[in-house]
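Notes to accompany the following structure.
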Amino acid sequence: MPADLTDKRCIVTGGATGIGRASAIRLAELGAQVAIFDNNNEDGNATAIEINENGGNARFWSVDVRDEANVSGTVIAAKAWLGDIDILCHFAGVLIGASIPLEDFDEKTWDTVLDINLRGTYLMARYVAVEMLKKPGPHRGTMILTASGAGVKGGSSSYAYGASKGGVHGFAMVMQQYLEAQGIRVNDFAPGSVDTPLKVAQLRATGDITHQPTTLVEQAVSNLTNPRDVAEIVAFMASDEANALRGIVFTA
């Protein structure tokens with residue numbers, strides 16, 4: 001039986017493409033009102049338009065998750081449109097620096113990845129928590145953050161990506177420890193090899209660097225998991241049916 005998200009009010013970051021887009025669409029199909037955040041204006045608007053044309057209720061905001069003023073102001077604007085915030089699904093992230101040796105890994109790449117993946121997660125969670133904590137208890141909201149097997153139970157193609165996702169996982173565990181008592185459930189999930197622009201670009205870049213045959217690279221691309229399948233898991237995690245769920249969830 002599909003999760004019931006009727007009348008749930010959600011913010012979905014990274015909703016322009018990939019898992020974020022698929023999740024925004026699925027949440028709306030299951031009855032949620034969805035505020036889409038991304039810095040990809042064209043595809044973010046397209047996601048909102050598709051949802052609305054299919055009977056859902058969505059709106060897009062252009063957001064740079066590294067920018068505190070941008071994040072805080074847009075969370076307030078989205079709350080005004082939504083009426084309140086029940087769910088945060090945070091997917092915004094980048095994978096840069098794949099297959100670059102440590103001795104060649106430049107500080108600018110490191111800072112960019114950590115700023116978007118880890119600082120961006122902190123800012124979104126912080127300002128959404130501020131709004132959720134204004135609601136009466138005992139159930140004030142749900143946050144789903146995106147970690148990765150990289151940096152959590154294994155390595156990564158990028159030093160910075162693995163470090164950032166390990167940080168997200170640690171941050172989620174600490175938030176779970178403190179926010180559960182205040183009525184906010186926090187989970188993180190670790191998507192596997194999913195057919196997203198980020199993952200496809202990483203596979204092809206790694207193939208170029210390691211001189212893999214194009215046929216092998218494209219075979220790996222064709223074997224990636226459909227984002228829609230991951231979105232089904234996200235929808236369950238966001239629903240009240242998952243109220244007893246704790247910790248991290250791994251997907252294929």
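Convention: chains lettered A, B, ... in structure tokens order; per-chain residue numbering from 1; ligands numbered from 1 as shown.
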
Considering only C-alpha atoms, return as a ChimeraX atom specification whatever protein or nucleic-acid residues lie within 6 Å of Phe250 (chain A), sequence-local ones (same chain, fewer than 6 positions apart) excluded. /A:189-191

Closest atom pairs, residues of region 53-160 of chain A within 9 Å of region 238-241 of chain A, only C-alpha atoms, as a tab-separated table:
```
residue	atom	partner	partner_atom	distance
A:Ile87	CA	A:Ala238	CA	6.6
A:Leu88	CA	A:Ala238	CA	8.3
A:Cys89	CA	A:Ala238	CA	7.9
A:Thr142	CA	A:Ala238	CA	6.5
A:Met143	CA	A:Ala238	CA	7.7
A:Ile144	CA	A:Ala238	CA	7.3
```

Would you mind exporting the chosen residues as a PDB file, in the first residue's frame, restricted to C-alpha atoms?
```pdb
ATOM      1  CA  ILE A  87       8.737  17.397   6.086  1.00  0.00           C
ATOM      2  CA  LEU A  88      12.195  18.337   4.847  1.00  0.00           C
ATOM      3  CA  CYS A  89      13.725  16.095   2.178  1.00  0.00           C
ATOM      4  CA  THR A 142      10.336  14.866   9.856  1.00  0.00           C
ATOM      5  CA  MET A 143      13.731  15.533   8.299  1.00  0.00           C
ATOM      6  CA  ILE A 144      15.373  13.259   5.739  1.00  0.00           C
TER       7      ILE A 144
END
```

Leaving out Trp110 (chain A) and any residue of its chain fewer than 5 positions from it, which residues lie within 12 Å of it when counting only C-alpha atoms, given as a compact mmCIF listing (two decimals) with C-alpha atoms, in the first residue's frame?
```txt
# COMPACT_ATOMS: atom_id res chain seq x y z
CA VAL A 94 27.47 17.71 -5.68
CA LEU A 95 30.17 15.16 -6.45
CA ILE A 96 33.37 16.85 -7.62
CA GLY A 97 36.93 15.60 -7.61
CA ALA A 98 36.36 12.00 -8.64
CA ILE A 100 41.85 12.88 -8.27
CA LEU A 102 45.16 13.38 -2.71
CA ASP A 104 46.56 16.83 -6.55
CA PHE A 105 43.30 17.54 -4.71
CA ASP A 115 30.13 23.97 1.49
CA ILE A 116 27.35 22.54 -0.64
CA ASN A 117 27.03 19.05 0.85
CA LEU A 118 27.71 19.65 4.54
CA SER A 158 36.28 11.78 -4.26
CA TYR A 159 38.02 12.62 -1.00
CA ALA A 160 35.80 15.65 -0.50
CA TYR A 161 32.56 13.84 -1.32
CA GLY A 162 33.28 11.01 1.11
CA ALA A 163 34.22 13.48 3.83
CA SER A 164 31.09 15.57 3.26
```

Select, from A:Ala172, A:Leu30, A:Ile25, A:Val63, the residue with the minimum atom-to-atom distance to Glu50 (chain A), counting only C-alpha atoms.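 Using only C-alpha atoms, Glu50 (chain A) sits closest to A:Ile25.
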
Quick one: everything within 9 Å of region 126-137 of chain A, counting only C-alpha atoms, minus sequence neighbours fewer than 6 positions away in the same chain. Send it as a VMD selection string. chain A and resid 11 71 to 72 75 to 76 79 84 to 88 143 179 182 to 184

With N, CA and C atoms retained, export the selected residues as an mmCIF file, in the first residue's frame.
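Written output follows (again13.cif):
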```
data_model
loop_
_atom_site.group_PDB
_atom_site.id
_atom_site.type_symbol
_atom_site.label_atom_id
_atom_site.label_comp_id
_atom_site.auth_asym_id
_atom_site.auth_seq_id
_atom_site.Cartn_x
_atom_site.Cartn_y
_atom_site.Cartn_z
ATOM 1 N N ILE A 11 9.239 20.526 2.024
ATOM 2 C CA ILE A 11 10.311 21.176 1.270
ATOM 3 C C ILE A 11 11.215 20.089 0.725
ATOM 4 N N VAL A 71 18.941 30.883 2.269
ATOM 5 C CA VAL A 71 18.244 29.734 2.853
ATOM 6 C C VAL A 71 17.203 30.187 3.865
ATOM 7 N N SER A 72 17.602 31.029 4.800
ATOM 8 C CA SER A 72 16.666 31.427 5.866
ATOM 9 C C SER A 72 15.462 32.167 5.303
ATOM 10 N N VAL A 75 13.193 29.658 3.273
ATOM 11 C CA VAL A 75 12.428 28.770 4.166
ATOM 12 C C VAL A 75 11.212 29.510 4.714
ATOM 13 N N ILE A 76 11.386 30.755 5.114
ATOM 14 C CA ILE A 76 10.252 31.536 5.625
ATOM 15 C C ILE A 76 9.212 31.760 4.532
ATOM 16 N N LYS A 79 7.380 28.515 3.912
ATOM 17 C CA LYS A 79 6.437 28.237 4.990
ATOM 18 C C LYS A 79 5.165 29.072 4.829
ATOM 19 N N ASP A 84 2.740 25.672 6.787
ATOM 20 C CA ASP A 84 3.651 25.175 7.809
ATOM 21 C C ASP A 84 4.597 24.206 7.118
ATOM 22 N N ILE A 85 5.537 23.636 7.857
ATOM 23 C CA ILE A 85 6.477 22.682 7.276
ATOM 24 C C ILE A 85 6.399 21.388 8.078
ATOM 25 N N ASP A 86 5.988 20.317 7.432
ATOM 26 C CA ASP A 86 5.919 19.008 8.076
ATOM 27 C C ASP A 86 7.135 18.138 7.759
ATOM 28 N N ILE A 87 7.697 18.307 6.560
ATOM 29 C CA ILE A 87 8.737 17.397 6.086
ATOM 30 C C ILE A 87 9.814 18.189 5.349
ATOM 31 N N LEU A 88 11.064 17.879 5.643
ATOM 32 C CA LEU A 88 12.195 18.337 4.847
ATOM 33 C C LEU A 88 12.854 17.122 4.221
ATOM 34 N N MET A 143 12.645 15.117 9.181
ATOM 35 C CA MET A 143 13.731 15.533 8.299
ATOM 36 C C MET A 143 14.414 14.299 7.731
ATOM 37 N N LEU A 179 16.807 16.169 18.757
ATOM 38 C CA LEU A 179 15.524 16.680 18.273
ATOM 39 C C LEU A 179 14.365 15.712 18.486
ATOM 40 N N GLN A 182 12.068 16.629 21.068
ATOM 41 C CA GLN A 182 11.291 17.828 20.776
ATOM 42 C C GLN A 182 10.278 17.587 19.652
ATOM 43 N N GLY A 183 10.083 16.338 19.267
ATOM 44 C CA GLY A 183 9.037 16.007 18.316
ATOM 45 C C GLY A 183 9.449 16.041 16.857
ATOM 46 N N ILE A 184 10.744 16.056 16.572
ATOM 47 C CA ILE A 184 11.210 16.042 15.179
ATOM 48 C C ILE A 184 11.985 14.750 14.945
#
```

Shell around Ala16 (chain A) at 7 Å using only C-alpha atoms, local window under 6 positions removed, as JSON, numbers by chain: {"A": [38, 40, 43, 44, 47]}

Excluding same-chain residues fewer than 6 positions from Trp61 (chain A), what lies within 9 Å of it counting only C-alpha atoms, as a list in words? Ala35, Ile36, Phe37, Asp38, Asn39, Asn41, Gly44, Asn45, Thr74 and Ala78 of chain A

Figure out the distance between CA of Gly141 (chain A) and CA of Arg185 (chain A), please, to one decimal in Å.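 Computed distance, CA of Arg185 (chain A) to CA of Gly141 (chain A), equals 6.4 Å.
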
Run DSSP on the backbone and grab whatever in region 116-217 of chain A lands in strand (DSSP E or B); send it over as a PyMOL selection string. chain A and resi 141-146+150+154+184-190+194

Per DSSP on the backbone, filter region 5-233 of chain A down to the residues in alpha helix (DSSP H) and report them as number ranges by chain. A: 18-29, 41-53, 68-82, 107-114, 120-132, 159-179, 197-210, 214-222, 227-233

Tell me, as a VMD selection string, which residues lie within 6 Å of Gly14 (chain A), counting only C-alpha atoms; anything in the same chain fewer than 6 positions away does not count. chain A and resid 20 38 91 to 92

Could you save those same residues with N, CA and C atoms as a compact mmCIF listing (two decimals), in the first residue's frame?
```
# COMPACT_ATOMS: atom_id res chain seq x y z
N GLY A 20 15.92 14.03 -6.17
CA GLY A 20 15.08 15.11 -5.68
C GLY A 20 13.86 15.33 -6.55
N ASP A 38 16.11 24.62 -5.48
CA ASP A 38 17.26 24.23 -6.29
C ASP A 38 17.88 25.49 -6.86
N PHE A 91 18.10 16.86 -0.62
CA PHE A 91 18.87 16.10 -1.61
C PHE A 91 19.96 16.93 -2.28
N ALA A 92 19.97 18.22 -2.09
CA ALA A 92 20.93 19.08 -2.80
C ALA A 92 22.36 18.66 -2.49
```

For Thr146 (chain A), which of A:Arg9, A:His211, A:Lys108, A:His90 is the closest residue, counting only C-alpha atoms?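 For Thr146 (chain A), the nearest of the given residues is A:His90.
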
A:Leu216, A:Ala24, A:Arg204, A:Asp188: which is nearest Ile49 (chain A), counting only C-alpha atoms? A:Ala24

Using only C-alpha atoms: which of A:Gly247, A:Gly192, A:Gly170, A:Gly120 has the shortest distance to Gly149 (chain A):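 Of A:Gly247, A:Gly192, A:Gly170, A:Gly120, the one nearest Gly149 (chain A) is A:Gly192, counting only C-alpha atoms.
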